[in-house]
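Here is the structure we will look at, set down as structure tokens.
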Amino acid sequence: MGQTLSVRKLEAWYGPNKTLKGINMEIEANHVTAIIGPSGCGKSTFVRCINRMHETLPGTKVIGEIILDGESIYDQDPVALRKTVGMVFQKPNPFPSMSIFENVVAGVRLNGQRNKQNLQAIAERSLRMAALWDEVKDRLNYSGISLSGGQQQRLCIARALAVEPEILLMDEPASALDPIATTHIEELIRQLRDNYTILIVTHNMQQAARIADSTAFFLNGELVEHGATSEIFTNPKDKRTEDYITGRFG
Amino acid sequence: MSKKRRFNTSLGDQFLRLVTFLMAFSVLVLMAWMGWQMFDAARPSIHTFGFSFITSRVWDPVKEQFGALPFIYGTLMTSLLALLLAAPIGLGVAIFLNEMAESKFRAVIGFLVEMLAAIPSVVYGLWGIFVLAPWLRETVEPGLAKWLGFIPLFQGTPVGFGMLAGGLILAMMILPTIAAISREVMASVPNMQREAALALGATKWEMIKVAVLPYAKTGIMGGIMLGLGRALGETMAVTMVIGNRPDILPSLFAPAYSMAAVIANEFTEATYDLYLSALVEIGFILFGITLVLNFLARLLVWSVARGPKGGNLV
């Protein structure tokens, strides 16, 4: 099942630039939450803080709290945290030297699972969840990079799901894909909602409207507005949100 | 129109094409010509000794008996020893510099490692004579004999000058090559690959193992092979520390000889034609071994690079 996240006074720097200026946000379990906003508003930095990926880059700094399951993530071992908080990136990044099967179970193997039958069961289950099983079941030993871009991204989703996270972060997961592959990914996200808390960064407002239960609008490192997606798109409370969704800037 | 355009390349480009082609072709010609010349000069020796030249262990210019096996053995063993020592260390240096070190250390240490490659080999040889060999004789070899003496490789009198010294000095000389090339290819691994591993809950070492090394393995092997090439042909430093005794002894402490060393040492003393011809034949064999090993290395790199079906790293 998914987990609730509470973000409190989160501030983040990238070199001398302050990219997040005190974010307070509650993220509901088993919801799809979309983060929208113009380029450079801090939306990617925000999700990268949640699995502590932001701080792996040189020159970065974070203060504030993110509470997951009653505990601050900054009190946890980042390696363990990332097994609870999975991530899918903007560009599909399967491991090129590994087969489809090896890609899916890469994370599970890191956790020490060696049993061949278990690995096979996990691979099948994860690929089914990522709606890729039927397309690849006969060529699991082919390279992960022999797949099309959309299939590679679903492979990466399967790889993230195989570790059985509770929260799934997606940083513009469909921005490098064609419309048909995007539709596949969106359907998939809708289905995954029942079991995961999903946070998706998107620059595509229609996409947010189609798949998200709630939407948060970021601007210049601040959270301007967060509410039910229908509210944000039909009746925004803040003038800046309205300007953005009606296309007046960004 | 398109047909016309195809033949309408400028005269300058055609000239450039011809000139660069001749330059590229001249390398092939030079190599074939060298090979042929050596074969031609080695003919008296090949006629006299035939195949036994590479199986015989006797090298006795006084009795006109020439067998190259001790030199072939010495060259291959010192190079192997050098690879076994330098490949893991070079890889470690590259991993440290790329994945672990702070960026300010990275540049300094990287530069110093590459400086090692610029030291002339005769300087390495001198250092080998005055520092390395005495240290091996007094400290390392007695220690190895004490703890690992049950293995024949580590038995016998500690001499200092011998196979071990040759292998060590070669290891030092090829280390910067392996480290620098491994570092370069590891730096070219896209950061997304590292993040993919980290996001799955990989530790730093697991990230290196899962994302960095597999991605870079072709290039790393290329670097190791380049190191091997240098080790096979290196003459001066090895000649100065290997002990120069044409014999095949099981101990690494014992003096040995290498193909490059015997050519450098004896060609001025080759007082009769057969002697000179035998030395040229050794050169010809060294030439052949280098070609064959490089070819095998290519095959190895190519087969490793293929990876799973449908994916090709090169």
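We label chains A, B, ... in the order they appear in the structure tokens, count residues from 1 in each chain, and number ligands from 1 in the order shown.
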
Give one line per residue of chain B that approaches chain A to at most 12 Å, naming the two atoms of the closest pair and their distance in Å to one decimal, counting only C-alpha atoms; sort by chain then ascending residue number and deliver it as a tab-separated table.
```
residue	atom	partner	partner_atom	distance
B:Glu99	CA	A:Thr56	CA	11.4
B:Met100	CA	A:Pro58	CA	11.5
B:Ala101	CA	A:Pro58	CA	11.4
B:Glu102	CA	A:Pro58	CA	9.0
B:Ser103	CA	A:Pro58	CA	9.0
B:Lys104	CA	A:Pro58	CA	11.9
B:Val189	CA	A:Phe95	CA	11.1
B:Pro190	CA	A:Asn93	CA	9.5
B:Asn191	CA	A:Asn93	CA	9.9
B:Met192	CA	A:Asn93	CA	6.4
B:Gln193	CA	A:Asn93	CA	6.3
B:Arg194	CA	A:Asn93	CA	9.6
B:Glu195	CA	A:Met53	CA	7.8
B:Ala196	CA	A:Asn93	CA	6.6
B:Ala197	CA	A:Gly107	CA	7.6
B:Leu198	CA	A:Val79	CA	7.5
B:Ala199	CA	A:Arg82	CA	5.7
B:Leu200	CA	A:Gly107	CA	5.2
B:Gly201	CA	A:Val79	CA	4.7
B:Ala202	CA	A:Val79	CA	6.2
B:Thr203	CA	A:Val79	CA	6.2
B:Lys204	CA	A:Val79	CA	9.2
B:Trp205	CA	A:Leu110	CA	10.9
B:Glu206	CA	A:Leu110	CA	7.4
B:Met207	CA	A:Leu110	CA	9.6
B:Lys209	CA	A:Leu110	CA	10.4
B:Val210	CA	A:Ala106	CA	8.1
B:Ala211	CA	A:Phe95	CA	6.7
B:Val212	CA	A:Phe95	CA	9.7
B:Leu213	CA	A:Ser97	CA	9.9
B:Pro214	CA	A:Ser97	CA	6.2
B:Tyr215	CA	A:Ser97	CA	6.6
B:Ala216	CA	A:Ser97	CA	9.8
B:Lys217	CA	A:Ser97	CA	9.6
B:Thr218	CA	A:Ser97	CA	10.7
B:Val304	CA	A:Ser97	CA	9.6
B:Ala305	CA	A:Ser97	CA	8.3
B:Arg306	CA	A:Ser97	CA	8.4
B:Gly307	CA	A:Ser97	CA	5.6
B:Pro308	CA	A:Ser143	CA	4.8
B:Lys309	CA	A:Tyr142	CA	4.5
B:Gly310	CA	A:Ser146	CA	5.0
B:Gly311	CA	A:Ser143	CA	5.0
B:Asn312	CA	A:Pro96	CA	8.1
B:Leu313	CA	A:Pro96	CA	7.3
B:Val314	CA	A:Pro96	CA	11.0
```

Export, as a JSON list (two decimals), in the first residue's frame, the selected residues with C-alpha atoms.
```
[["chain", "number", "residue", "atom", "x", "y", "z"],
["B", 99, "GLU", "CA", 33.45, 8.07, -8.35],
["B", 100, "MET", "CA", 34.94, 8.81, -4.95],
["B", 101, "ALA", "CA", 37.39, 11.72, -4.95],
["B", 102, "GLU", "CA", 36.45, 15.34, -4.37],
["B", 103, "SER", "CA", 36.80, 17.27, -7.59],
["B", 104, "LYS", "CA", 39.81, 19.26, -6.33],
["B", 189, "VAL", "CA", 29.23, 6.80, -18.53],
["B", 190, "PRO", "CA", 26.03, 8.89, -18.54],
["B", 191, "ASN", "CA", 24.96, 10.08, -15.12],
["B", 192, "MET", "CA", 21.48, 8.68, -15.77],
["B", 193, "GLN", "CA", 22.97, 5.23, -15.50],
["B", 194, "ARG", "CA", 24.36, 5.98, -12.06],
["B", 195, "GLU", "CA", 21.06, 7.49, -10.96],
["B", 196, "ALA", "CA", 19.16, 4.47, -12.25],
["B", 197, "ALA", "CA", 21.18, 2.25, -9.93],
["B", 198, "LEU", "CA", 21.02, 4.62, -6.95],
["B", 199, "ALA", "CA", 17.25, 4.99, -7.29],
["B", 200, "LEU", "CA", 16.92, 1.22, -6.92],
["B", 201, "GLY", "CA", 18.65, 1.39, -3.56],
["B", 202, "ALA", "CA", 22.20, 0.65, -4.67],
["B", 203, "THR", "CA", 25.14, 1.55, -2.46],
["B", 204, "LYS", "CA", 28.04, 3.36, -4.07],
["B", 205, "TRP", "CA", 29.90, 0.12, -4.72],
["B", 206, "GLU", "CA", 26.75, -1.55, -6.09],
["B", 207, "MET", "CA", 26.20, 1.44, -8.34],
["B", 209, "LYS", "CA", 29.28, -2.64, -10.17],
["B", 210, "VAL", "CA", 25.84, -2.46, -11.79],
["B", 211, "ALA", "CA", 25.93, 0.78, -13.75],
["B", 212, "VAL", "CA", 29.49, 2.03, -14.27],
["B", 213, "LEU", "CA", 31.73, -0.97, -14.88],
["B", 214, "PRO", "CA", 29.43, -2.86, -17.28],
["B", 215, "TYR", "CA", 28.91, 0.29, -19.31],
["B", 216, "ALA", "CA", 32.63, 1.01, -19.44],
["B", 217, "LYS", "CA", 33.99, -2.52, -19.71],
["B", 218, "THR", "CA", 34.82, -2.40, -23.41],
["B", 304, "VAL", "CA", 32.30, -8.78, -24.49],
["B", 305, "ALA", "CA", 30.81, -5.70, -26.14],
["B", 306, "ARG", "CA", 28.06, -7.68, -27.77],
["B", 307, "GLY", "CA", 26.21, -8.28, -24.52],
["B", 308, "PRO", "CA", 22.64, -9.59, -24.64],
["B", 309, "LYS", "CA", 20.85, -10.08, -27.95],
["B", 310, "GLY", "CA", 19.74, -6.98, -29.80],
["B", 311, "GLY", "CA", 21.97, -4.62, -27.89],
["B", 312, "ASN", "CA", 25.38, -3.47, -28.97],
["B", 313, "LEU", "CA", 27.61, -1.30, -26.88],
["B", 314, "VAL", "CA", 30.11, -0.39, -29.57]]
```

Exercise. Could you please determine the separation between atom CA of Ile289 of chain B and atom CA of Ala118 of chain B in Å, to one decimal place?
Key: 25.7 Å

Self-check item: segment 20-87 of chain B: residues DSSP assigns to alpha helix (DSSP H), reported as number ranges by chain
Solution: B: 20-49, 69-87

Quiz item: With only C-alpha atoms as the atoms that count, which of A:Gly22, A:Glu11, A:Arg154, A:Ser6 lies nearest to Ile67 of chain A?
Solution: A:Ser6

Exercise. Pick out the residues sitting within 12 Å of segment 54-57 of chain B, and hand them over as an MDAnalysis selection string; count only C-alpha atoms, and ignore anything fewer than 2 positions along from it in its own chain.
Key: chainID B and resid 45:46 49:52 59:60 65:74 245:249 257 259 278 281:282 284:286

Exercise. Measure the distance from atom CA of Thr33 of chain A to atom CA of Ile185 of chain A in Å and round it to one decimal.
Key: 15.2 Å

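If you look at atom CA of Ile263 of chain B and atom CA of Met172 of chain B, they are 22.8 Å away from each other.
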
Quiz item: Counting only C-alpha atoms, what is within 9 Å of Glu124 of chain A, bar same-chain residues fewer than 6 positions away, as a ChimeraX atom specification?
Solution: /A:101,133,137

Residues from the last selection, C-alpha atoms, saved as an mmCIF file, in the first residue's frame:
```
data_model
loop_
_atom_site.group_PDB
_atom_site.id
_atom_site.type_symbol
_atom_site.label_atom_id
_atom_site.label_comp_id
_atom_site.auth_asym_id
_atom_site.auth_seq_id
_atom_site.Cartn_x
_atom_site.Cartn_y
_atom_site.Cartn_z
ATOM 1 C CA PHE A 101 14.955 -9.893 -17.447
ATOM 2 C CA TRP A 133 4.736 -8.626 -20.241
ATOM 3 C CA LYS A 137 7.638 -12.483 -22.617
#
```

Self-check item: Test item, strand (DSSP E) assignment across segment 31-197 of chain B, answer as number ranges by chain
Solution: B: 59-60, 65-66

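Take the candidates A:Leu223, A:Phe218, A:Gly247, A:Glu166 and check each one against Arg8 of chain A using only C-alpha atoms; the shortest distance goes to A:Leu223.
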